[in-house]
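Reproduced below: entry-v2.cif, with mmCIF, C-alpha atoms and all ligand atoms.
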data_start
loop_
_atom_site.label_atom_id
_atom_site.label_comp_id
_atom_site.auth_asym_id
_atom_site.auth_seq_id
_atom_site.Cartn_x
_atom_site.Cartn_y
_atom_site.Cartn_z
CA MET A 1015 127.20 99.06 94.14
CA SER A 1016 126.86 96.37 96.73
CA ASN A 1017 129.22 96.18 99.61
CA PRO A 1018 130.94 92.79 99.82
CA GLU A 1019 131.69 93.21 103.51
CA HIS A 1020 128.04 93.73 104.20
CA PRO A 1021 126.21 90.68 102.89
CA SER A 1022 122.78 91.51 104.24
CA ALA A 1023 121.55 93.02 100.99
CA GLU A 1024 121.93 89.67 99.28
CA ALA A 1025 120.93 87.62 102.29
CA SER A 1026 117.67 89.38 102.96
CA PRO A 1027 114.81 87.47 101.36
CA ARG A 1028 113.73 89.69 98.46
CA ALA A 1029 111.66 92.78 98.94
CA TYR A 1030 109.54 90.61 101.16
CA THR A 1031 110.75 91.85 104.49
CA GLY A 1032 110.11 95.42 103.59
CA PRO A 1033 112.89 97.86 102.96
CA ARG A 1034 112.95 98.97 106.56
CA ALA A 1035 113.34 95.49 107.95
CA GLY A 1036 116.94 96.25 108.73
CA SER A 1037 117.71 92.66 107.75
CA SER A 1038 120.84 91.43 109.48
CA ALA A 1039 122.39 94.81 110.05
CA GLY A 1040 121.65 94.20 113.70
CA GLY A 1041 119.35 96.09 116.06
CA THR A 1042 118.49 98.84 113.63
CA GLY A 1043 116.14 100.83 115.77
CA ARG A 1044 114.63 104.01 114.40
CA GLY A 1045 117.11 106.79 114.19
CA VAL A 1046 120.06 104.42 114.52
CA PHE A 1047 122.52 104.59 111.67
CA ASN A 1048 121.92 101.70 109.35
CA LEU A 1049 124.65 100.27 107.15
CA ASP A 1050 121.97 99.25 104.69
CA SER A 1051 121.59 102.87 103.73
CA LEU A 1052 124.93 102.58 101.95
CA VAL A 1053 123.43 99.98 99.64
CA GLY A 1054 121.42 101.56 96.88
CA GLU A 1055 118.34 99.39 97.36
CA THR A 1056 117.60 100.56 100.86
CA VAL A 1057 118.03 104.32 100.73
CA ASP A 1058 114.77 104.65 102.59
CA ALA A 1059 115.72 102.81 105.74
CA GLU A 1060 115.36 105.86 107.95
CA PRO A 1061 112.01 106.95 109.38
CA ILE A 1062 109.87 109.35 107.41
CA SER A 1063 109.44 112.92 108.55
CA ALA A 1064 107.08 114.37 105.98
CA GLN A 1065 103.97 116.44 105.58
CA CYS A 1066 101.02 114.47 104.22
CA PRO A 1067 101.34 114.87 100.42
CA ALA A 1068 97.55 114.80 100.01
CA CYS A 1069 95.86 117.02 102.61
CA HIS A 1070 98.99 118.69 104.06
CA LEU A 1071 97.28 118.87 107.44
CA HIS A 1072 99.42 116.43 109.40
CA ALA A 1073 102.83 114.85 109.45
CA LEU A 1074 102.79 111.22 108.43
CA VAL A 1075 102.52 108.96 111.47
CA PRO A 1076 104.04 105.47 111.66
CA VAL A 1077 101.45 102.80 112.27
CA ARG A 1078 102.20 99.16 112.86
CA LEU A 1079 100.03 96.61 111.14
CA VAL A 1080 99.94 92.95 112.12
CA ALA A 1081 98.55 90.05 110.13
CA ASP A 1082 96.22 87.57 111.76
CA ALA A 1083 95.95 83.88 110.91
CA GLU A 1084 93.71 84.59 107.90
CA GLY A 1085 96.24 87.03 106.51
CA ARG A 1086 94.14 90.09 107.31
CA TRP A 1087 96.00 93.11 108.50
CA ARG A 1088 94.93 95.30 111.34
CA GLN A 1089 96.42 98.11 113.32
CA LEU A 1090 98.39 97.14 116.37
CA GLU A 1091 97.11 99.02 119.39
CA GLU A 1092 99.28 100.46 122.11
CA GLY A 1093 100.36 97.74 124.53
CA ASP A 1094 99.00 95.05 122.24
CA ASP A 1095 101.77 92.49 121.84
CA GLU A 1096 99.86 89.85 119.99
CA GLY A 1097 101.67 88.41 117.02
CA VAL A 1098 104.81 90.42 117.45
CA LYS A 1099 107.92 89.15 119.06
CA GLU A 1100 109.83 91.15 121.61
CA GLY A 1101 112.52 93.31 120.08
CA ASP A 1102 111.12 93.23 116.58
CA ASP A 1103 111.35 96.62 115.11
CA GLU A 1104 109.84 96.54 111.67
CA ALA A 1105 109.09 93.16 110.16
CA SER A 1106 109.54 89.94 112.05
CA ALA A 1107 113.01 88.55 111.98
CA PRO A 1108 113.30 87.36 108.42
CA GLY A 1109 116.33 85.15 108.76
CA GLU A 1110 114.97 82.73 111.34
CA ALA A 1111 112.02 81.09 109.67
CA GLY A 1112 113.49 81.13 106.18
CA ALA A 1113 112.63 83.10 103.11
CA ASP A 1114 109.12 81.75 102.67
CA ALA A 1115 107.81 82.92 106.02
CA ALA A 1116 105.84 86.09 105.47
CA PRO A 1117 106.47 88.79 108.06
CA ARG A 1118 103.75 89.15 110.65
CA SER A 1119 104.09 92.83 111.21
CA LEU A 1120 104.72 95.87 109.09
CA LEU A 1121 105.19 99.55 109.73
CA ILE A 1122 103.56 101.95 107.30
CA ASP A 1123 103.25 105.72 107.37
CA THR A 1124 99.79 107.16 107.31
CA CYS A 1125 97.97 110.46 107.63
CA PRO A 1126 95.48 110.49 110.53
CA VAL A 1127 93.48 113.29 108.90
CA CYS A 1128 92.81 112.00 105.38
CA PHE A 1129 93.87 108.37 105.99
CA GLY A 1130 96.17 108.36 103.00
CA ALA A 1131 99.07 105.93 103.38
CA TRP A 1132 102.62 105.69 102.16
CA PHE A 1133 104.08 102.31 101.28
CA ASP A 1134 107.82 102.03 100.77
CA ALA A 1135 108.96 99.78 97.95
CA GLY A 1136 108.03 96.20 98.75
CA GLU A 1137 105.54 96.99 101.51
CA LEU A 1138 102.53 96.72 99.23
CA ASP A 1139 103.84 93.39 98.01
CA VAL A 1140 104.06 92.13 101.56
CA ILE A 1141 100.43 92.96 102.16
CA GLY A 1142 99.07 91.88 98.81
CA ASP A 1143 101.19 88.74 98.73
CA VAL A 1144 101.87 89.51 95.07
CA GLU A 1145 104.42 91.66 93.39
CA VAL A 1146 103.44 94.84 91.65
CA ASP A 1147 103.17 94.06 87.95
CA PRO A 1148 106.13 95.92 86.44
CA GLU A 1149 104.51 95.91 83.03
CA LEU A 1150 101.46 97.58 84.42
CA LEU A 1151 103.51 100.27 86.04
CA ARG A 1152 105.37 100.91 82.78
CA THR A 1153 102.26 101.27 80.65
CA ALA A 1154 100.35 103.16 83.26
CA LEU A 1155 103.07 105.79 83.60
CA GLY A 1156 101.43 109.15 83.47
CA ASP A 1157 102.14 112.78 84.03
CA PRO A 1158 104.17 114.02 86.92
CA ALA A 1159 101.82 114.40 89.85
CA ALA A 1160 101.52 117.56 91.87
CA ARG A 1161 102.13 115.53 94.99
CA ARG A 1162 105.64 114.99 96.18
CA CYS A 1163 107.40 111.93 97.50
CA PRO A 1164 107.47 112.00 101.32
CA ARG A 1165 111.04 110.70 101.12
CA GLY A 1166 112.03 113.93 99.43
CA HIS A 1167 112.43 112.85 95.81
CA GLY A 1168 110.22 115.55 94.37
CA PRO A 1169 107.04 115.07 92.33
CA MET A 1170 105.72 111.53 92.06
CA LEU A 1171 104.30 109.94 88.93
CA GLN A 1172 100.66 109.13 88.45
CA HIS A 1173 99.55 105.62 87.61
CA LYS A 1174 96.07 105.24 86.31
CA LEU A 1175 93.96 102.18 86.96
CA PRO A 1176 91.04 103.26 84.79
CA GLU A 1177 88.87 100.23 85.46
CA LEU A 1178 89.00 100.93 89.13
CA LEU A 1179 89.63 104.51 90.00
CA ARG A 1180 89.02 107.94 88.67
CA THR A 1181 91.96 109.33 90.58
CA PRO A 1182 95.43 107.98 89.80
CA ILE A 1183 97.74 106.32 92.29
CA GLU A 1184 101.00 108.15 92.92
CA ARG A 1185 104.35 106.43 92.83
CA CYS A 1186 107.86 107.75 93.28
CA ALA A 1187 110.11 106.81 90.37
CA THR A 1188 113.20 107.11 92.56
CA CYS A 1189 112.37 105.09 95.67
CA LYS A 1190 109.45 103.14 94.14
CA GLY A 1191 107.21 103.95 97.09
CA VAL A 1192 103.46 104.25 96.51
CA TRP A 1193 100.98 106.74 97.93
CA LEU A 1194 97.33 105.72 98.29
CA ASP A 1195 94.65 108.22 99.23
CA GLY A 1196 92.32 107.31 102.05
CA ASN A 1197 89.54 107.86 99.58
CA GLU A 1198 91.16 105.60 97.01
CA ARG A 1199 91.66 102.91 99.58
CA ARG A 1200 88.00 103.01 100.48
CA LYS A 1201 86.99 102.81 96.82
CA LEU A 1202 89.49 100.07 96.14
CA ALA A 1203 88.14 98.08 99.03
CA LEU A 1204 84.66 98.29 97.54
CA ALA A 1205 85.74 97.59 94.00
CA SER A 1206 85.03 94.33 92.26
CA THR A 1207 86.80 93.10 89.19
CA LYS A 1208 85.14 92.77 85.81
CA GLU A 1209 85.59 90.03 83.25
CA GLY A 1210 86.05 90.07 79.50
CA GLN A 1211 88.35 92.92 78.58
CA ARG A 1212 89.84 92.57 75.11
CA ASP A 1213 92.55 94.95 74.15
CA ARG A 1214 95.94 94.84 75.73
CA LYS A 1215 95.67 98.06 77.63
CA GLN A 1216 92.48 96.89 79.27
CA GLN A 1217 94.05 93.57 80.12
CA LEU A 1218 96.88 95.31 81.86
CA ALA A 1219 94.48 97.57 83.66
CA ARG A 1220 92.56 94.51 84.78
CA ARG A 1221 95.70 92.95 86.12
CA GLY A 1222 96.26 96.15 88.02
CA VAL A 1223 92.76 95.97 89.40
CA ILE A 1224 93.24 92.45 90.66
CA TRP A 1225 96.54 93.38 92.19
CA ALA A 1226 95.08 96.41 93.88
CA ALA A 1227 91.89 94.71 95.02
CA GLN A 1228 93.89 91.82 96.40
CA LEU A 1229 96.01 93.96 98.60
CA ILE A 1230 93.53 96.63 99.50
CA THR A 1231 90.84 94.29 100.75
CA GLN A 1232 93.34 92.99 103.25
CA LEU A 1233 94.22 96.41 104.58
CA PRO A 1234 92.48 98.28 107.33
CA VAL A 1235 91.00 101.20 105.43
CA GLU A 1236 91.30 103.58 108.30
CA VAL A 1237 93.87 103.71 111.03
CA GLU A 1238 93.65 105.70 114.19
CA ASN A 1239 96.28 108.25 115.03
CA PRO A 1240 98.19 106.71 117.91
CA ALA A 1241 99.75 110.02 118.86
CA ARG A 1242 96.59 111.98 119.52
CA GLY A 1243 96.34 113.68 122.88
CA THR A 1244 93.51 113.96 125.39
CA PRO A 1245 90.84 116.50 124.32
CA TRP A 1246 90.98 118.50 127.55
CA ILE A 1247 88.95 121.43 126.25
CA VAL A 1248 86.12 119.15 125.15
CA TYR A 1249 86.09 117.50 128.58
CA ALA A 1250 86.17 120.87 130.33
CA LEU A 1251 83.29 122.18 128.20
CA LEU A 1252 81.24 119.06 128.91
CA ALA A 1253 81.84 119.55 132.65
CA VAL A 1254 80.90 123.23 132.50
CA GLU A 1255 77.75 122.51 130.52
CA LEU A 1256 76.73 119.86 133.05
CA ALA A 1257 77.46 122.21 135.94
CA GLY A 1258 75.37 124.99 134.38
CA PHE A 1259 72.47 122.63 133.90
CA LEU A 1260 72.65 121.23 137.43
CA LEU A 1261 72.87 124.70 138.97
CA SER A 1262 69.76 125.80 137.12
CA VAL A 1263 67.89 122.61 138.02
CA ALA A 1264 68.84 123.13 141.66
CA GLY A 1265 67.56 126.68 141.46
CA VAL A 1266 70.90 128.24 142.28
CA LEU A 1267 70.97 130.04 138.93
CA LEU A 1268 67.83 131.12 137.16
CA TYR A 1269 68.39 130.34 133.51
CA ARG A 1270 66.14 133.20 132.35
CA HIS A 1271 68.71 135.67 133.66
CA TRP A 1272 71.38 134.20 131.40
CA ALA A 1273 69.31 133.38 128.33
CA VAL A 1274 69.32 135.36 125.09
CA ILE A 1275 66.03 137.22 124.75
CA ALA A 1276 66.15 139.07 121.45
CA GLY A 1277 63.69 141.80 122.39
CA LEU A 1278 65.42 142.45 125.69
CA ILE A 1279 68.86 142.90 124.12
CA LYS A 1280 67.42 145.32 121.59
CA GLN A 1281 65.81 147.33 124.38
CA GLU A 1282 68.66 147.13 126.85
CA PRO A 1283 72.02 146.57 125.12
CA LEU A 1284 73.52 145.84 128.53
CA HIS A 1285 72.08 142.34 128.21
CA VAL A 1286 74.54 141.58 125.43
CA TYR A 1287 76.47 139.43 127.93
CA THR A 1288 73.76 136.79 127.48
CA LEU A 1289 75.18 136.08 124.03
CA PHE A 1290 77.98 134.40 125.99
CA THR A 1291 76.16 133.03 129.03
CA HIS A 1292 73.18 131.41 127.28
CA GLN A 1293 75.50 128.60 126.10
CA PHE A 1294 75.85 127.14 129.58
CA PHE A 1295 72.20 126.28 130.17
CA HIS A 1296 69.92 123.65 128.69
CA ALA A 1297 66.18 123.17 128.78
CA ASN A 1298 66.19 119.56 130.00
CA TRP A 1299 68.26 116.38 130.18
CA LEU A 1300 67.53 115.40 126.57
CA HIS A 1301 68.65 118.78 125.33
CA LEU A 1302 71.84 118.58 127.37
CA LEU A 1303 72.71 114.99 126.51
CA GLY A 1304 72.03 115.50 122.82
CA ASN A 1305 74.36 118.47 122.63
CA ALA A 1306 76.98 116.76 124.79
CA TYR A 1307 76.93 113.73 122.51
CA PHE A 1308 77.61 115.72 119.35
CA LEU A 1309 80.26 117.81 121.08
CA TYR A 1310 81.97 114.63 122.23
CA ILE A 1311 81.79 112.92 118.82
CA PHE A 1312 83.15 115.82 116.77
CA GLY A 1313 84.94 117.93 119.34
CA ASP A 1314 87.97 115.76 120.04
CA ASN A 1315 89.10 115.59 116.42
CA VAL A 1316 88.53 119.29 115.87
CA GLU A 1317 90.34 120.20 119.10
CA HIS A 1318 93.27 118.09 118.00
CA MET A 1319 93.45 119.82 114.62
CA PHE A 1320 92.80 123.35 115.86
CA GLY A 1321 94.78 123.33 119.07
CA ARG A 1322 93.23 124.36 122.39
CA ALA A 1323 93.12 128.13 122.06
CA ARG A 1324 91.67 128.09 118.54
CA PHE A 1325 89.17 125.43 119.52
CA LEU A 1326 87.92 127.61 122.39
CA LEU A 1327 87.70 130.54 119.98
CA LEU A 1328 85.73 128.40 117.55
CA PHE A 1329 83.33 127.17 120.22
CA PHE A 1330 82.52 130.48 121.86
CA GLY A 1331 82.82 132.47 118.65
CA ALA A 1332 80.23 130.25 116.98
CA GLY A 1333 77.97 130.43 120.03
CA ILE A 1334 78.17 134.22 120.30
CA PHE A 1335 77.87 134.84 116.57
CA GLY A 1336 74.91 132.47 116.38
CA GLY A 1337 73.24 134.24 119.28
CA ALA A 1338 73.81 137.61 117.62
CA LEU A 1339 72.32 136.42 114.34
CA HIS A 1340 69.32 135.14 116.26
CA VAL A 1341 68.83 138.51 117.92
CA LEU A 1342 68.98 140.28 114.57
CA LEU A 1343 66.71 137.97 112.59
CA THR A 1344 64.28 136.13 114.83
CA ARG A 1345 60.60 136.92 115.10
CA ALA A 1346 60.34 135.24 118.50
CA THR A 1347 61.69 138.26 120.31
CA GLY A 1348 60.30 137.29 123.68
CA THR A 1349 61.51 133.69 123.76
CA PRO A 1350 64.51 132.95 125.97
CA VAL A 1351 67.15 130.98 124.06
CA ILE A 1352 69.64 128.72 125.84
CA GLY A 1353 71.95 125.90 124.88
CA ALA A 1354 75.28 125.20 123.22
CA SER A 1355 73.70 124.31 119.88
CA GLY A 1356 75.14 127.28 117.98
CA ALA A 1357 78.62 126.56 119.31
CA ILE A 1358 78.29 122.89 118.39
CA ALA A 1359 77.07 123.82 114.91
CA GLY A 1360 80.37 125.66 114.54
CA VAL A 1361 82.31 122.58 115.66
CA MET A 1362 80.42 120.44 113.16
CA ALA A 1363 81.16 122.84 110.32
CA ALA A 1364 84.83 122.68 111.27
CA TYR A 1365 84.71 118.91 111.31
CA LEU A 1366 83.06 118.58 107.91
CA LEU A 1367 85.55 120.97 106.29
CA THR A 1368 88.56 119.33 107.90
CA PHE A 1369 87.53 115.72 107.37
CA PRO A 1370 85.33 115.85 104.24
CA ASN A 1371 85.56 112.10 103.63
CA ALA A 1372 85.30 110.97 107.21
CA THR A 1373 83.13 108.12 108.31
CA LEU A 1374 82.53 107.42 111.95
CA PHE A 1375 82.23 104.13 113.72
CA GLN A 1376 78.98 103.77 115.57
CA VAL A 1377 77.79 100.92 117.71
CA ILE A 1378 74.11 100.15 117.21
CA PRO A 1379 72.51 100.56 120.65
CA PHE A 1380 71.99 97.35 122.66
CA THR A 1381 73.93 95.26 120.12
CA PRO A 1382 77.62 94.57 119.57
CA ILE A 1383 77.25 95.56 115.92
CA GLN A 1384 79.51 98.32 114.67
CA ILE A 1385 78.58 100.24 111.56
CA LYS A 1386 80.24 103.06 109.70
CA ILE A 1387 78.34 106.25 109.09
CA PRO A 1388 79.42 109.18 106.89
CA ALA A 1389 79.86 112.38 108.87
CA TRP A 1390 77.18 114.23 106.89
CA VAL A 1391 74.60 111.73 108.16
CA TYR A 1392 75.42 112.90 111.66
CA LEU A 1393 74.79 116.45 110.55
CA GLY A 1394 71.34 115.35 109.32
CA VAL A 1395 70.62 113.60 112.60
CA TRP A 1396 71.73 116.69 114.49
CA VAL A 1397 69.38 118.92 112.48
CA LEU A 1398 66.57 116.45 113.16
CA PHE A 1399 67.38 116.43 116.86
CA GLN A 1400 67.38 120.21 116.96
CA THR A 1401 64.02 120.28 115.20
CA VAL A 1402 62.51 117.91 117.72
CA MET A 1403 63.96 119.96 120.56
CA ALA A 1404 62.54 123.11 119.04
CA PHE A 1405 59.05 121.66 118.98
CA LEU A 1406 59.38 120.16 122.45
CA SER A 1407 60.24 123.59 123.79
CA ALA A 1408 57.06 124.92 122.16
CA ALA A 1409 58.70 127.89 120.51
CA ILE A 1410 58.07 127.59 116.81
CA ASP A 1411 61.11 129.30 115.43
CA TYR A 1412 63.25 128.50 118.41
CA ALA A 1413 66.85 129.25 117.53
CA TRP A 1414 67.37 128.35 113.92
CA PHE A 1415 69.32 131.48 113.19
CA SER A 1416 71.67 130.77 116.07
CA HIS A 1417 72.40 127.32 114.67
CA LEU A 1418 72.88 128.76 111.20
CA GLY A 1419 75.08 131.53 112.58
CA GLY A 1420 77.22 129.06 114.51
CA PHE A 1421 77.65 126.92 111.41
CA LEU A 1422 78.61 129.94 109.30
CA PHE A 1423 81.15 131.03 111.90
CA GLY A 1424 82.77 127.59 111.86
CA ALA A 1425 82.74 127.49 108.06
CA ALA A 1426 84.46 130.89 107.89
CA MET A 1427 87.05 130.24 110.59
CA THR A 1428 88.10 126.73 109.58
CA PRO A 1429 89.86 127.54 106.26
CA LEU A 1430 92.00 130.10 108.08
CA VAL A 1431 92.95 127.57 110.74
CA LEU A 1432 93.70 124.90 108.15
CA ARG A 1433 95.99 127.27 106.28
CA TRP A 1434 97.83 128.09 109.49
CA ARG A 1435 98.08 124.40 110.30
CA ARG A 1436 99.51 123.47 106.89
CA ARG A 1437 102.26 126.05 107.31
CA GLN A 1438 102.90 124.81 110.83
CA VAL A 1439 103.24 121.17 109.74
CA ALA A 1440 105.50 122.20 106.85
CA ARG A 1441 107.90 123.80 109.34
CA GLU A 1442 107.98 120.79 111.62
CA VAL A 1443 108.91 118.09 109.12
CA ARG A 1444 111.98 117.31 107.07
CA VAL A 1445 110.02 117.00 103.81
CA PRO A 1446 107.28 119.61 103.52
CA ALA A 1447 104.64 119.45 100.80
CA ALA A 1448 105.97 122.04 98.39
CA PRO A 1449 103.30 124.77 98.30
CA PHE A 1450 103.45 125.27 102.03
CA ALA A 1451 107.17 125.55 102.44
CA ALA A 1452 106.95 129.35 102.58
ZN ZN B 1501 96.50 113.72 104.78
ZN ZN B 1502 110.76 108.73 96.62
#

Would it be possible to restate this file's structure as structure tokens?
Amino acid sequence: MSNPEHPSAEASPRAYTGPRAGSSAGGTGRGVFNLDSLVGETVDAEPISAQCPACHLHALVPVRLVADAEGRWRQLEEGDDEGVKEGDDEASAPGEAGADAAPRSLLIDTCPVCFGAWFDAGELDVIGDVEVDPELLRTALGDPAARRCPRGHGPMLQHKLPELLRTPIERCATCKGVWLDGNERRKLALASTKEGQRDRKQQLARRGVIWAAQLITQLPVEVENPARGTPWIVYALLAVELAGFLLSVAGVLLYRHWAVIAGLIKQEPLHVYTLFTHQFFHANWLHLLGNAYFLYIFGDNVEHMFGRARFLLLFFGAGIFGGALHVLLTRATGTPVIGASGAIAGVMAAYLLTFPNATLFQVIPFTPIQIKIPAWVYLGVWVLFQTVMAFLSAAIDYAWFSHLGGFLFGAAMTPLVLRWRRRQVAREVRVPAAPFAA
């Protein structure tokens, strides 16, 4: 039923402005009661408070996208006013420029962990500049998905685009919103369309492919979490590691007194404290900077996901466990072992388990060129770096068991933390992902 005293539903230019545009309801900021919500079409005008339906590790975070002159969309950074008029809340004022002016900004809800994104009805059309083919969505109707609508409408439906994706796209039959996995978005962005399909089903699938490719190639595949805090523990650890190195270089502390020496611990168990202290010393600048780099790259994301106390437990737990494994298994019983490598191996294991599909931006040194590198490549580079360091330090089987031990510690601890975190997120949002409601 439309409300005759509230003409905005008719006046708003199609789905174009996005369902959360507020249209002419007047100053509909987030959290402000919106008359549009009385009109059936715009039930979803209020902000989402939902657990990510894919990874369950984070609440969905609103992210504003703006279109540039070429129609490409990018994330609007904090304090970046370009392209958006003052006072605009969701889409640019639709009434002023007429119905054919596409909005220049759009608010979507995305998961900063897995980069999946939720599009309310109409939002995909705004980006793709085409409407979702209703025929496609009818024929591609599949089984109820395990994932649930972040607007609280229960299980979504799966839509298969077999030419394009192995995994289906989820869509809510009630509010018509669409969920796209971060993974799917990456694959969609890479996908090209094929010619020459014959039967009707394939034709429809092809139409779906073109639709999807059209809109996905214009989207930023990954968006940064604007709400992430400062990684204080990572900074503190970097400072402590630097201090330990400088003190040993200056001769104030003699690193041999704090290093793990397997034979010594076996003889005199009192030296077990070195399992903790050996992490604060490094052999040389290269050793220190290499470890600091990998801690910096991976540590901030892991600290954010784990929380400070658990991150500290991960770091020192991995370092101590790695040291202990080294003491038990190494043949180089007289070699002093120092460095945070075992602890950092634990952080890397945590990162890979938490962000299995992550790619990292990396600037090629001495150029402005930015490339994207899968996280597992970093792990390879790290292993290579450790190997080089091992040979530079002239101890053949340096500390491999401590690295392995640190990695194992991280791999064992992370699933427990992720389970805790999923429960935690489920408690904090209005719409939890079902299995974690307990
Ligand atoms: Zn997620
Ligand atoms: Zn829904």

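Residue nearest ligand ZN 1501 (chain B), chosen from A:Gln1400, A:Thr1368, A:Gln1281, A:Ser1262 and counting all atoms listed in the file: A:Thr1368.
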
Calculated over only C-alpha atoms and all ligand atoms, which of the candidates A:Gly1136, A:Pro1164, A:Gly1348, A:Pro1429 has the smallest distance to ligand ZN 1502 (chain B)?
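Among A:Gly1136, A:Pro1164, A:Gly1348, A:Pro1429, it is A:Pro1164 that comes nearest to ligand ZN 1502 (chain B).
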
Atom CA of Glu1282 of chain A to atom CA of Thr1347 of chain A, distance in Å rounded to a single decimal
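Distance reported for this atom pair: 13.0 Å.
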
Please report, as JSON lines, each residue of chain A lying at most 7 Å from ligand ZN 1501 (chain B), together with the nearest pair of atoms and the separation in Å rounded to one decimal; use only C-alpha atoms and all ligand atoms, and order rows by chain and ascending residue number.
{"residue": "A:Cys1066", "atom": "CA", "partner": "B:ZN1501", "partner_atom": "ZN", "distance": 4.6}
{"residue": "A:Pro1067", "atom": "CA", "partner": "B:ZN1501", "partner_atom": "ZN", "distance": 6.6}
{"residue": "A:Ala1068", "atom": "CA", "partner": "B:ZN1501", "partner_atom": "ZN", "distance": 5.0}
{"residue": "A:Cys1069", "atom": "CA", "partner": "B:ZN1501", "partner_atom": "ZN", "distance": 4.0}
{"residue": "A:His1070", "atom": "CA", "partner": "B:ZN1501", "partner_atom": "ZN", "distance": 5.6}
{"residue": "A:Leu1071", "atom": "CA", "partner": "B:ZN1501", "partner_atom": "ZN", "distance": 5.8}
{"residue": "A:His1072", "atom": "CA", "partner": "B:ZN1501", "partner_atom": "ZN", "distance": 6.1}
{"residue": "A:Cys1125", "atom": "CA", "partner": "B:ZN1501", "partner_atom": "ZN", "distance": 4.6}
{"residue": "A:Pro1126", "atom": "CA", "partner": "B:ZN1501", "partner_atom": "ZN", "distance": 6.7}
{"residue": "A:Val1127", "atom": "CA", "partner": "B:ZN1501", "partner_atom": "ZN", "distance": 5.1}
{"residue": "A:Cys1128", "atom": "CA", "partner": "B:ZN1501", "partner_atom": "ZN", "distance": 4.1}
{"residue": "A:Phe1129", "atom": "CA", "partner": "B:ZN1501", "partner_atom": "ZN", "distance": 6.1}
{"residue": "A:Gly1130", "atom": "CA", "partner": "B:ZN1501", "partner_atom": "ZN", "distance": 5.7}

Selected residues written out, C-alpha atoms, as a PDB file, keeping the file's coordinate frame:
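In the end it all went to again23.pdb:
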ATOM      1  CA  CYS A1066     101.020 114.470 104.220  1.00  0.00           C
ATOM      2  CA  PRO A1067     101.340 114.870 100.420  1.00  0.00           C
ATOM      3  CA  ALA A1068      97.550 114.800 100.010  1.00  0.00           C
ATOM      4  CA  CYS A1069      95.860 117.020 102.610  1.00  0.00           C
ATOM      5  CA  HIS A1070      98.990 118.690 104.060  1.00  0.00           C
ATOM      6  CA  LEU A1071      97.280 118.870 107.440  1.00  0.00           C
ATOM      7  CA  HIS A1072      99.420 116.430 109.400  1.00  0.00           C
ATOM      8  CA  CYS A1125      97.970 110.460 107.630  1.00  0.00           C
ATOM      9  CA  PRO A1126      95.480 110.490 110.530  1.00  0.00           C
ATOM     10  CA  VAL A1127      93.480 113.290 108.900  1.00  0.00           C
ATOM     11  CA  CYS A1128      92.810 112.000 105.380  1.00  0.00           C
ATOM     12  CA  PHE A1129      93.870 108.370 105.990  1.00  0.00           C
ATOM     13  CA  GLY A1130      96.170 108.360 103.000  1.00  0.00           C
TER      14      GLY A1130
END

Kindly compile the residues surrounding ligand ZN 1502 (chain B) within 7 Å, counting all atoms listed in the file, and format them as a PDB file with C-alpha atoms, in the frame of the given file.
ATOM      1  CA  CYS A1163     107.400 111.930  97.500  1.00  0.00           C
ATOM      2  CA  PRO A1164     107.470 112.000 101.320  1.00  0.00           C
ATOM      3  CA  ARG A1165     111.040 110.700 101.120  1.00  0.00           C
ATOM      4  CA  GLY A1166     112.030 113.930  99.430  1.00  0.00           C
ATOM      5  CA  HIS A1167     112.430 112.850  95.810  1.00  0.00           C
ATOM      6  CA  CYS A1186     107.860 107.750  93.280  1.00  0.00           C
ATOM      7  CA  ALA A1187     110.110 106.810  90.370  1.00  0.00           C
ATOM      8  CA  THR A1188     113.200 107.110  92.560  1.00  0.00           C
ATOM      9  CA  CYS A1189     112.370 105.090  95.670  1.00  0.00           C
ATOM     10  CA  LYS A1190     109.450 103.140  94.140  1.00  0.00           C
ATOM     11  CA  GLY A1191     107.210 103.950  97.090  1.00  0.00           C
TER      12      GLY A1191
END

Could you pull out every residue with an atom within 10 Å of (87.6, 120.3, 127.9), file coordinates, counting all atoms listed in the file, and send them as a compact mmCIF listing (two decimals) with C-alpha atoms, keeping the file's coordinate frame?
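Listed below is the output, out26.txt:
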# COMPACT_ATOMS: atom_id res chain seq x y z
CA THR A 1244 93.51 113.96 125.39
CA PRO A 1245 90.84 116.50 124.32
CA TRP A 1246 90.98 118.50 127.55
CA ILE A 1247 88.95 121.43 126.25
CA VAL A 1248 86.12 119.15 125.15
CA TYR A 1249 86.09 117.50 128.58
CA ALA A 1250 86.17 120.87 130.33
CA LEU A 1251 83.29 122.18 128.20
CA LEU A 1252 81.24 119.06 128.91
CA ALA A 1253 81.84 119.55 132.65
CA VAL A 1254 80.90 123.23 132.50
CA TYR A 1310 81.97 114.63 122.23
CA GLY A 1313 84.94 117.93 119.34
CA ASP A 1314 87.97 115.76 120.04
CA GLU A 1317 90.34 120.20 119.10
CA ARG A 1322 93.23 124.36 122.39
CA PHE A 1325 89.17 125.43 119.52
CA LEU A 1326 87.92 127.61 122.39

As a short mmCIF file (atom, residue, chain, number, x, y, z; two decimals) with C-alpha atoms, in the frame of the given file, please: the residues near Glu1255 of chain A (cut-off 9 Å, only C-alpha atoms, same-chain neighbours under 3 positions excluded).
data_model
loop_
_atom_site.label_atom_id
_atom_site.label_comp_id
_atom_site.auth_asym_id
_atom_site.auth_seq_id
_atom_site.Cartn_x
_atom_site.Cartn_y
_atom_site.Cartn_z
CA ALA A 1250 86.17 120.87 130.33
CA LEU A 1251 83.29 122.18 128.20
CA LEU A 1252 81.24 119.06 128.91
CA GLY A 1258 75.37 124.99 134.38
CA PHE A 1259 72.47 122.63 133.90
CA LEU A 1260 72.65 121.23 137.43
CA GLN A 1293 75.50 128.60 126.10
CA PHE A 1294 75.85 127.14 129.58
CA PHE A 1295 72.20 126.28 130.17
CA HIS A 1296 69.92 123.65 128.69
CA LEU A 1302 71.84 118.58 127.37
CA ALA A 1306 76.98 116.76 124.79
CA GLY A 1353 71.95 125.90 124.88
CA ALA A 1354 75.28 125.20 123.22
#
